[in-house]
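Enquirer: Following this message is one structure expressed as C-alpha cells.
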Amino acid sequence: MLFKDVKIGYPIYFLDKEGARYYQGKAVSVAVPRYDNNQAKAFGAQPTGLVVDITIEADGATKTYTIPETATITYAGHLVLSTDKEGILREVEALKAASEEALSQVERHKQTVTNCNQLMEELNPAFAEKRAQDKRIEGIENEVKSLGAVLRDFINEFKK
C-alpha cells in the first residue's frame with residue numbers, strides 16, 4: 001500500500017536502525033496529498049512530486065512525517081517507516097548484511113592498525129621511544145599488581 005492510501009487507524013511499521021528495534025504505530029491524521037514546496041525551494045525549481053503529511057502515534061509519541069505519496073517505505077533519520085512488514089523485513093535483512101560485513105572486516109582493520117604502528121615506529125623515532133616507554137610502564141604496573149596479590153595472600157595467611 002502506498003502512503004497516499006493510508007487511512008486513519010491504519011498500522012505503520014517502524015524500524016529504529018540505531019537499536020535494531022521494531023515497533024508499530026498507527027496513523028492518527030492523514031492530509032490530502034500536496035506539492036512539496038520545501039523541496040522546490042531548496043533546489044530553486046518548480047515542485048515536482050506530491051507528498052502527504054501523516055501524523056503517526058507510535059512508541060508513546062505522536063509525530064507528523066512528510067512522505068512522498070507514491071512510497072511504501074521512507075526514512076526519517078535513523079528510522080524506517082513502512083506501510084507493510086515486508087518493507088521492514090527487507091531493511092532488517094540489509095541492516096544485518098551490513099553488520100555482518102563490518103564484523104568480517106574487524107581482523108583486517110586490527111592488522112592494519114598493527115602495521116601502521118610498526119611503520120610509525122620505523123618512520124618516527126620519538127613514537128618508537130614512547131611506545132617502548134609505555135611497554136616498560138605497563139610491565140612495571142603488572143609487576144606491582146602481582147606483588148600486591150602476593151602480599152595480600154601473605155597477610156591473609158599470617159592472620160590465620
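By convention here, the chains of the C-alpha cells are called A, B, ... in the order presented, each chain's residues are numbered starting at 1, and ligands are numbered starting at 1 in the order presented.
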Where in region 36-139 of chain A does DSSP assign helix (DSSP H, G or I), given as a PyMOL selection string?

Expert: chain A and resi 37-43+85-104+106-123+125-139

Enquirer: Show me, as a PyMOL selection string, the residues that have an atom within 8 Å of Leu2 (chain A) when counting only C-alpha atoms, minus same-chain residues fewer than 6 positions from it.

Expert: chain A and resi 69-72+83

Enquirer: Would you list the contacts of Gly87 (chain A) as a count of residues only, taking every protein, DNA or RNA residue within 12 Å and counting only C-alpha atoms, but skipping same-chain residues closer than 6 positions in sequence?

Expert: 16

Enquirer: Find, counting only C-alpha atoms, the residue in A:Lys7, A:Arg131, A:Lys26, A:Lys145 that gets nearest to Val52 (chain A).

Expert: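 Smallest distance to Val52 (chain A) is found for A:Lys7.
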
Enquirer: Just how far from CA of Ser82 (chain A) is CA of Asp53 (chain A), in Å to one decimal?

Expert: 14.3 Å

Enquirer: Between CA of Val28 (chain A) and CA of Ala61 (chain A), what is the spacing in Å?

Expert: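 Separating CA of Ala61 (chain A) from CA of Val28 (chain A) is a distance of 11.5 Å.
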
Enquirer: Check chain A with DSSP on the backbone and list each residue it calls strand (DSSP E), as a compact mmCIF listing (two decimals) with N, CA, C and O atoms, in the first residue's frame.

Expert:
# COMPACT_ATOMS: atom_id res chain seq x y z
N PRO A 11 -2.13 0.65 10.39
CA PRO A 11 -0.83 0.46 11.04
C PRO A 11 0.32 0.98 10.17
O PRO A 11 0.27 0.90 8.94
N ILE A 12 1.31 1.55 10.83
CA ILE A 12 2.55 1.97 10.19
C ILE A 12 3.66 1.25 10.96
O ILE A 12 3.68 1.27 12.20
N TYR A 13 4.57 0.65 10.25
CA TYR A 13 5.63 -0.14 10.87
C TYR A 13 6.93 0.66 10.90
O TYR A 13 7.27 1.32 9.93
N PHE A 14 7.65 0.56 12.02
CA PHE A 14 8.88 1.31 12.24
C PHE A 14 10.04 0.36 12.49
O PHE A 14 9.88 -0.68 13.13
N LEU A 15 11.21 0.76 12.02
CA LEU A 15 12.46 0.09 12.36
C LEU A 15 13.43 1.18 12.79
O LEU A 15 13.71 2.10 12.02
N ASP A 16 13.90 1.09 14.01
CA ASP A 16 14.93 2.00 14.51
C ASP A 16 16.27 1.34 14.20
O ASP A 16 16.65 0.36 14.83
N ARG A 21 15.53 -2.04 16.44
CA ARG A 21 14.29 -2.25 17.18
C ARG A 21 13.10 -1.99 16.27
O ARG A 21 13.06 -1.01 15.53
N TYR A 22 12.14 -2.90 16.35
CA TYR A 22 10.93 -2.82 15.52
C TYR A 22 9.75 -2.49 16.42
O TYR A 22 9.65 -2.99 17.54
N TYR A 23 8.89 -1.61 15.94
CA TYR A 23 7.65 -1.35 16.64
C TYR A 23 6.60 -0.88 15.64
O TYR A 23 6.91 -0.58 14.50
N GLN A 24 5.35 -0.84 16.11
CA GLN A 24 4.24 -0.50 15.24
C GLN A 24 3.53 0.74 15.78
O GLN A 24 3.42 0.92 16.98
N GLY A 25 3.08 1.57 14.87
CA GLY A 25 2.29 2.73 15.23
C GLY A 25 1.01 2.73 14.42
O GLY A 25 0.73 1.79 13.68
N LYS A 26 0.24 3.81 14.58
CA LYS A 26 -0.98 3.91 13.78
C LYS A 26 -1.15 5.34 13.33
O LYS A 26 -0.77 6.30 14.01
N ALA A 27 -1.73 5.49 12.15
CA ALA A 27 -1.98 6.81 11.59
C ALA A 27 -3.13 7.45 12.37
O ALA A 27 -4.17 6.84 12.54
N VAL A 28 -2.91 8.68 12.84
CA VAL A 28 -3.97 9.39 13.55
C VAL A 28 -4.49 10.58 12.74
O VAL A 28 -5.54 11.12 13.05
N SER A 29 -3.74 10.94 11.68
CA SER A 29 -4.18 12.02 10.81
C SER A 29 -3.48 11.86 9.46
O SER A 29 -2.28 11.59 9.41
N VAL A 30 -4.25 11.99 8.40
CA VAL A 30 -3.68 11.89 7.05
C VAL A 30 -4.19 13.08 6.24
O VAL A 30 -5.40 13.26 6.08
N ARG A 34 -0.12 16.93 -1.46
CA ARG A 34 0.17 18.29 -1.90
C ARG A 34 1.56 18.31 -2.54
O ARG A 34 2.33 17.37 -2.38
N TYR A 35 1.84 19.39 -3.25
CA TYR A 35 3.20 19.55 -3.79
C TYR A 35 4.13 19.90 -2.65
O TYR A 35 3.78 20.68 -1.77
N LEU A 50 4.31 14.91 -5.39
CA LEU A 50 3.32 15.11 -4.34
C LEU A 50 3.78 14.39 -3.07
O LEU A 50 4.38 13.32 -3.13
N VAL A 51 3.48 15.02 -1.94
CA VAL A 51 3.78 14.42 -0.65
C VAL A 51 2.51 14.42 0.17
O VAL A 51 1.55 15.13 -0.12
N VAL A 52 2.52 13.60 1.20
CA VAL A 52 1.38 13.53 2.10
C VAL A 52 1.90 13.66 3.53
O VAL A 52 2.94 13.09 3.87
N ASP A 53 1.22 14.49 4.33
CA ASP A 53 1.58 14.65 5.74
C ASP A 53 0.76 13.65 6.54
O ASP A 53 -0.48 13.69 6.51
N ILE A 54 1.48 12.76 7.24
CA ILE A 54 0.81 11.74 8.03
C ILE A 54 1.28 11.89 9.48
O ILE A 54 2.48 11.88 9.74
N THR A 55 0.32 12.02 10.39
CA THR A 55 0.64 12.06 11.81
C THR A 55 0.47 10.65 12.35
O THR A 55 -0.58 10.02 12.15
N ILE A 56 1.53 10.18 13.01
CA ILE A 56 1.56 8.79 13.47
C ILE A 56 1.81 8.76 14.97
O ILE A 56 2.70 9.45 15.48
N GLU A 57 1.03 7.95 15.64
CA GLU A 57 1.23 7.70 17.06
C GLU A 57 1.98 6.38 17.19
O GLU A 57 1.50 5.34 16.75
N ALA A 58 3.18 6.47 17.78
CA ALA A 58 4.00 5.26 17.92
C ALA A 58 4.99 5.45 19.05
O ALA A 58 5.53 6.53 19.24
N ALA A 61 4.74 8.45 21.41
CA ALA A 61 4.84 9.82 20.88
C ALA A 61 4.00 9.94 19.62
O ALA A 61 3.73 8.97 18.93
N THR A 62 3.61 11.18 19.34
CA THR A 62 2.87 11.48 18.12
C THR A 62 3.68 12.46 17.30
O THR A 62 4.03 13.53 17.80
N LYS A 63 4.00 12.07 16.07
CA LYS A 63 4.81 12.92 15.19
C LYS A 63 4.21 12.95 13.80
O LYS A 63 3.58 11.98 13.36
N THR A 64 4.46 14.06 13.11
CA THR A 64 3.99 14.21 11.73
C THR A 64 5.17 14.04 10.78
O THR A 64 6.22 14.64 10.99
N TYR A 65 4.98 13.22 9.77
CA TYR A 65 6.01 12.95 8.77
C TYR A 65 5.48 13.39 7.41
O TYR A 65 4.32 13.18 7.09
N THR A 66 6.35 14.01 6.62
CA THR A 66 6.02 14.38 5.25
C THR A 66 6.65 13.33 4.35
O THR A 66 7.88 13.20 4.31
N ILE A 67 5.82 12.58 3.64
CA ILE A 67 6.27 11.39 2.93
C ILE A 67 5.84 11.47 1.46
O ILE A 67 4.70 11.88 1.17
N PRO A 68 6.73 11.08 0.52
CA PRO A 68 6.30 11.02 -0.88
C PRO A 68 5.07 10.12 -1.00
O PRO A 68 5.05 9.01 -0.45
N ILE A 73 7.79 2.84 1.60
CA ILE A 73 8.79 2.86 2.65
C ILE A 73 9.50 4.20 2.59
O ILE A 73 9.69 4.75 1.50
N THR A 74 9.84 4.76 3.74
CA THR A 74 10.54 6.04 3.77
C THR A 74 11.47 6.08 4.97
O THR A 74 11.40 5.21 5.85
N TYR A 75 12.32 7.09 5.00
CA TYR A 75 13.35 7.21 6.04
C TYR A 75 13.23 8.56 6.73
O TYR A 75 13.00 9.58 6.07
N ALA A 76 13.40 8.55 8.05
CA ALA A 76 13.40 9.77 8.85
C ALA A 76 14.53 9.64 9.86
O ALA A 76 14.36 9.05 10.92
N LEU A 79 15.25 6.23 11.50
CA LEU A 79 14.00 5.46 11.47
C LEU A 79 13.62 5.10 10.04
O LEU A 79 13.82 5.88 9.12
N VAL A 80 13.06 3.90 9.91
CA VAL A 80 12.48 3.46 8.64
C VAL A 80 10.99 3.29 8.91
O VAL A 80 10.60 2.65 9.88
N LEU A 81 10.16 3.89 8.06
CA LEU A 81 8.72 3.77 8.17
C LEU A 81 8.21 3.02 6.95
O LEU A 81 8.68 3.28 5.83
N SER A 82 7.28 2.12 7.18
CA SER A 82 6.75 1.34 6.07
C SER A 82 5.26 1.07 6.28
O SER A 82 4.80 0.97 7.41

Enquirer: Of the residues A:Glu91, A:Pro125, A:Asp84, A:Ile140, which is the one nearest to Tyr10 (chain A), using only C-alpha atoms?

Expert: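 Smallest distance to Tyr10 (chain A) is found for A:Asp84.
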